[in-house]
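Notes follow once the structure below has been shown.
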Amino acid sequence: MGKADVIDGKAIAQDIRNEIKEEVAKLKEHKGKESPVPGLAVVLVGARKDSETYVRNKRKNCEEVGYESFQTDLPEEVSQEDLLKVVADYNADERVHGVLVQLPLPKHINEREVLDAVSLDKDVDGFHPHNIGSLALRGRSPKFVSCTPKGVMELLKRTGVKISGKRAAVIGRSNIVGMPVALLLQAEDATVTVIHSRTPEPEAICKEADILVAAIGRAEFVPGSWIKPGAVVIDVGMNDVEDASKKRGYRLVGDVKYAEASETASAITPVPGGVGPMTIAMLLQNTLESAKKSFGCS
Ligand SMILES: Nc1nc2c(c(=O)[nH]1)N[C@@H](CN(C=O)c1ccc(C(=O)N[C@@H](CCC(=O)O)C(=O)O)cc1)CN2
Ligand SMILES: [Mg+2]
């Protein structure tokens, strides 16, 4: 296929888990035999297959690095009040250093109120408005950066991509990916343009971008002809496309036409195996940071 280097998010995420595992072992040595370990609590509402898979993977990854994990499964019809009570209990639980509610939530739940209810000190998803808002303010840093945007930045850093002074384009302006990624790139001194559904001539903007981040959730929206020669392409999209030849009846594609873009880019993330695996690796990293603060060793 193309000439671009493949940015192997799966392998980088494994490196990060190995690093975390070592740190947890050191933490245990440092704190002695009776030492507590980092703890992550996940709240899952309803029975969406995809959410169940992500939550199962979070648990598996916690086990791999030596964390304790806690999980509460609630029925689809759970009341707002009962969900908030579970969050409040985990907020107060000393064994727990990170609390997250798996998204999306059922329609009758007020998602904003739920995200606001997660303790700022345990907001390892970084979805609390205080954490997201701090990204936008110079001189202020969030306690936690949300996992997918943090994963994008980590992939760029670990691949040795220079960000300062570069032009970046971010396609998509969602609260949990596009907007924070744009702010993080800007904080690293990139000149960032955010492209959304009303942006005139997105193609012209993309063609100028040294770093292109696609996060709109539209299957293969970006053709290879939009890529600047030598650009680094980070594809955050995870779109299901029907495919009868696959066991699960669909295959996963990104927001970028991968084969075409690989001909022009210098480096590109695949889907699957690019940004996706970094999300949980960054969640583990945030949980470790939180635990270290609570143990007084950061
Ligand atoms: N509370 C949260 N909810 C959701 C988040 C989140 O960060 N916090 N992100 C997504 C789901 N997610 C983790 O929760 C997640 C999504 C995808 C992957 C991943 O590894 N994807 C693989 C492909 C998986 C597949 O084959 O289906 C990849 O891209 O290689 C990990 C975590 C929404 N909700
Ligand atoms: Mg800031």
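Just so we're on the same page: first chain in the structure tokens is A, next is B, and so on; residues restart at 1 for each chain, and ligands are numbered from 1 in the order they show up.
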> Which neighbours of Gly133 of chain A fall inside 10 Å, counting only C-alpha atoms, when residues of the same chain fewer than 6 positions from it are skipped, and could you give them as a list in words?
Replying inline: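 Skipping anything fewer than 6 positions along the chain leaves Phe127, Arg140, Ser141, Pro142 and Pro180 of chain A.
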Just the strand (DSSP E or B) stuff from segment 110-173 of chain A, please, per backbone DSSP, written as an mmCIF file with C-alpha atoms, in the first residue's frame.
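The result, stored in result_26.cif:
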```cif
data_model
loop_
_atom_site.group_PDB
_atom_site.id
_atom_site.type_symbol
_atom_site.label_atom_id
_atom_site.label_comp_id
_atom_site.auth_asym_id
_atom_site.auth_seq_id
_atom_site.Cartn_x
_atom_site.Cartn_y
_atom_site.Cartn_z
ATOM 1 C CA ARG A 167 -0.321 24.324 10.704
ATOM 2 C CA ALA A 168 -2.949 21.936 12.022
ATOM 3 C CA ALA A 169 -6.505 21.326 10.885
ATOM 4 C CA VAL A 170 -9.034 19.595 13.111
ATOM 5 C CA ILE A 171 -12.197 18.346 11.422
#
```
>> If I take atom CA of Asp89 of chain A and atom CA of Leu288 of chain A, how far is one from the other in Å, to one decimal?
In response: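 Computed distance, atom CA of Asp89 of chain A to atom CA of Leu288 of chain A, equals 20.3 Å.
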Compute the set of protein, DNA and RNA residues whose minimum atom distance to ligand 1 is at most 6 Å, using only C-alpha atoms and all ligand atoms, and state it as a short mmCIF file (atom, residue, chain, number, x, y, z; two decimals) with N, CA and C atoms, in the first residue's frame.
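Result went into selection_4.cif, see below:
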```
data_model
loop_
_atom_site.label_atom_id
_atom_site.label_comp_id
_atom_site.auth_asym_id
_atom_site.auth_seq_id
_atom_site.Cartn_x
_atom_site.Cartn_y
_atom_site.Cartn_z
N TYR A 54 -16.26 -1.90 25.62
CA TYR A 54 -15.27 -0.93 26.11
C TYR A 54 -15.05 -1.07 27.60
N LEU A 100 -15.74 7.05 36.35
CA LEU A 100 -16.28 7.45 35.04
C LEU A 100 -17.61 6.79 34.77
N VAL A 101 -18.42 7.51 34.01
CA VAL A 101 -19.72 6.99 33.57
C VAL A 101 -19.59 6.77 32.07
N GLN A 102 -19.79 5.54 31.64
CA GLN A 102 -19.62 5.22 30.22
C GLN A 102 -20.67 5.95 29.39
N LEU A 103 -20.25 6.58 28.30
CA LEU A 103 -21.16 7.29 27.38
C LEU A 103 -21.32 6.48 26.10
N ASP A 125 -11.82 10.85 33.20
CA ASP A 125 -12.28 11.03 31.81
C ASP A 125 -12.06 12.47 31.35
N CYS A 147 -9.42 11.49 27.54
CA CYS A 147 -8.52 10.41 27.12
C CYS A 147 -8.24 10.37 25.62
N VAL A 271 -7.37 2.65 11.23
CA VAL A 271 -8.59 2.37 11.99
C VAL A 271 -9.04 0.96 11.60
N PRO A 272 -9.15 0.03 12.53
CA PRO A 272 -8.79 0.13 13.95
C PRO A 272 -7.28 0.12 14.17
N GLY A 273 -6.89 0.27 15.44
CA GLY A 273 -5.48 0.12 15.81
C GLY A 273 -4.68 1.41 15.83
N GLY A 274 -5.38 2.54 15.76
CA GLY A 274 -4.68 3.83 15.82
C GLY A 274 -4.99 4.55 17.12
N VAL A 275 -5.91 5.51 17.03
CA VAL A 275 -6.26 6.32 18.21
C VAL A 275 -7.04 5.49 19.25
N GLY A 276 -7.93 4.60 18.78
CA GLY A 276 -8.82 3.85 19.69
C GLY A 276 -8.10 3.26 20.90
N PRO A 277 -7.08 2.43 20.69
CA PRO A 277 -6.42 1.80 21.84
C PRO A 277 -5.76 2.80 22.80
N THR A 279 -7.11 5.49 23.90
CA THR A 279 -8.12 6.04 24.82
C THR A 279 -8.02 5.36 26.19
N ILE A 280 -7.96 4.03 26.18
CA ILE A 280 -7.93 3.33 27.47
C ILE A 280 -6.54 3.47 28.12
#
```
Kindly provide the residues of chain A that approach ligand 2 to within 10 Å, each paired with its closest atom pair and their distance in Å to one decimal, based on only C-alpha atoms and all ligand atoms, listed by chain and increasing number, as JSON lines.
```
{"residue": "A:Asn131", "atom": "CA", "partner": "ligand 2", "partner_atom_place_in_ligand_line": "1 (Mg)", "distance": 9.3}
{"residue": "A:Ile132", "atom": "CA", "partner": "ligand 2", "partner_atom_place_in_ligand_line": "1 (Mg)", "distance": 9.1}
{"residue": "A:Gly133", "atom": "CA", "partner": "ligand 2", "partner_atom_place_in_ligand_line": "1 (Mg)", "distance": 7.9}
{"residue": "A:Ser134", "atom": "CA", "partner": "ligand 2", "partner_atom_place_in_ligand_line": "1 (Mg)", "distance": 4.8}
{"residue": "A:Leu135", "atom": "CA", "partner": "ligand 2", "partner_atom_place_in_ligand_line": "1 (Mg)", "distance": 3.9}
{"residue": "A:Ala136", "atom": "CA", "partner": "ligand 2", "partner_atom_place_in_ligand_line": "1 (Mg)", "distance": 5.1}
{"residue": "A:Leu137", "atom": "CA", "partner": "ligand 2", "partner_atom_place_in_ligand_line": "1 (Mg)", "distance": 4.1}
{"residue": "A:Arg138", "atom": "CA", "partner": "ligand 2", "partner_atom_place_in_ligand_line": "1 (Mg)", "distance": 4.3}
{"residue": "A:Gly139", "atom": "CA", "partner": "ligand 2", "partner_atom_place_in_ligand_line": "1 (Mg)", "distance": 5.5}
{"residue": "A:Arg140", "atom": "CA", "partner": "ligand 2", "partner_atom_place_in_ligand_line": "1 (Mg)", "distance": 4.1}
{"residue": "A:Ser141", "atom": "CA", "partner": "ligand 2", "partner_atom_place_in_ligand_line": "1 (Mg)", "distance": 4.5}
{"residue": "A:Pro142", "atom": "CA", "partner": "ligand 2", "partner_atom_place_in_ligand_line": "1 (Mg)", "distance": 6.8}
{"residue": "A:Leu183", "atom": "CA", "partner": "ligand 2", "partner_atom_place_in_ligand_line": "1 (Mg)", "distance": 8.2}
{"residue": "A:Leu184", "atom": "CA", "partner": "ligand 2", "partner_atom_place_in_ligand_line": "1 (Mg)", "distance": 8.5}
{"residue": "A:Gln186", "atom": "CA", "partner": "ligand 2", "partner_atom_place_in_ligand_line": "1 (Mg)", "distance": 10.0}
{"residue": "A:Ala187", "atom": "CA", "partner": "ligand 2", "partner_atom_place_in_ligand_line": "1 (Mg)", "distance": 7.4}
```
Can you tell me, as a PDB file with N, CA and C atoms, in the first residue's frame, what residues are no more than 8 Å from segment 16-26 of chain A when counting only C-alpha atoms, ignoring any on the same chain fewer than 6 positions away?
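The resulting file, result_5.pdb, is reproduced below:
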```pdb
ATOM      1  N   VAL A  37      -3.598   0.157  46.002  1.00  0.00           N
ATOM      2  CA  VAL A  37      -3.262   0.242  44.574  1.00  0.00           C
ATOM      3  C   VAL A  37      -4.225   1.239  43.921  1.00  0.00           C
ATOM      4  N   PRO A  38      -3.863   1.739  42.728  1.00  0.00           N
ATOM      5  CA  PRO A  38      -4.800   2.620  42.041  1.00  0.00           C
ATOM      6  C   PRO A  38      -6.123   1.901  41.797  1.00  0.00           C
ATOM      7  N   ASN A  61      -7.757  -4.171  31.152  1.00  0.00           N
ATOM      8  CA  ASN A  61      -6.536  -3.348  31.159  1.00  0.00           C
ATOM      9  C   ASN A  61      -6.137  -2.984  32.584  1.00  0.00           C
ATOM     10  N   GLU A  64      -4.438  -5.939  33.977  1.00  0.00           N
ATOM     11  CA  GLU A  64      -3.099  -6.097  33.383  1.00  0.00           C
ATOM     12  C   GLU A  64      -2.054  -5.235  34.098  1.00  0.00           C
ATOM     13  N   VAL A  65      -2.422  -4.003  34.454  1.00  0.00           N
ATOM     14  CA  VAL A  65      -1.416  -3.114  35.053  1.00  0.00           C
ATOM     15  C   VAL A  65      -1.414  -3.154  36.578  1.00  0.00           C
ATOM     16  N   GLY A  66      -2.324  -3.934  37.166  1.00  0.00           N
ATOM     17  CA  GLY A  66      -2.320  -4.086  38.627  1.00  0.00           C
ATOM     18  C   GLY A  66      -3.211  -3.101  39.374  1.00  0.00           C
ATOM     19  N   ALA A 281      -5.485   3.499  27.301  1.00  0.00           N
ATOM     20  CA  ALA A 281      -4.138   3.699  27.872  1.00  0.00           C
ATOM     21  C   ALA A 281      -4.067   5.039  28.611  1.00  0.00           C
ATOM     22  N   LEU A 284      -5.839   4.902  31.935  1.00  0.00           N
ATOM     23  CA  LEU A 284      -4.996   4.285  32.971  1.00  0.00           C
ATOM     24  C   LEU A 284      -3.962   5.299  33.468  1.00  0.00           C
ATOM     25  N   GLN A 285      -3.435   6.099  32.537  1.00  0.00           N
ATOM     26  CA  GLN A 285      -2.436   7.106  32.925  1.00  0.00           C
ATOM     27  C   GLN A 285      -3.065   8.145  33.866  1.00  0.00           C
ATOM     28  N   LEU A 288      -3.541   6.658  37.260  1.00  0.00           N
ATOM     29  CA  LEU A 288      -2.277   6.569  38.010  1.00  0.00           C
ATOM     30  C   LEU A 288      -1.909   7.931  38.606  1.00  0.00           C
TER      31      LEU A 288
END
```
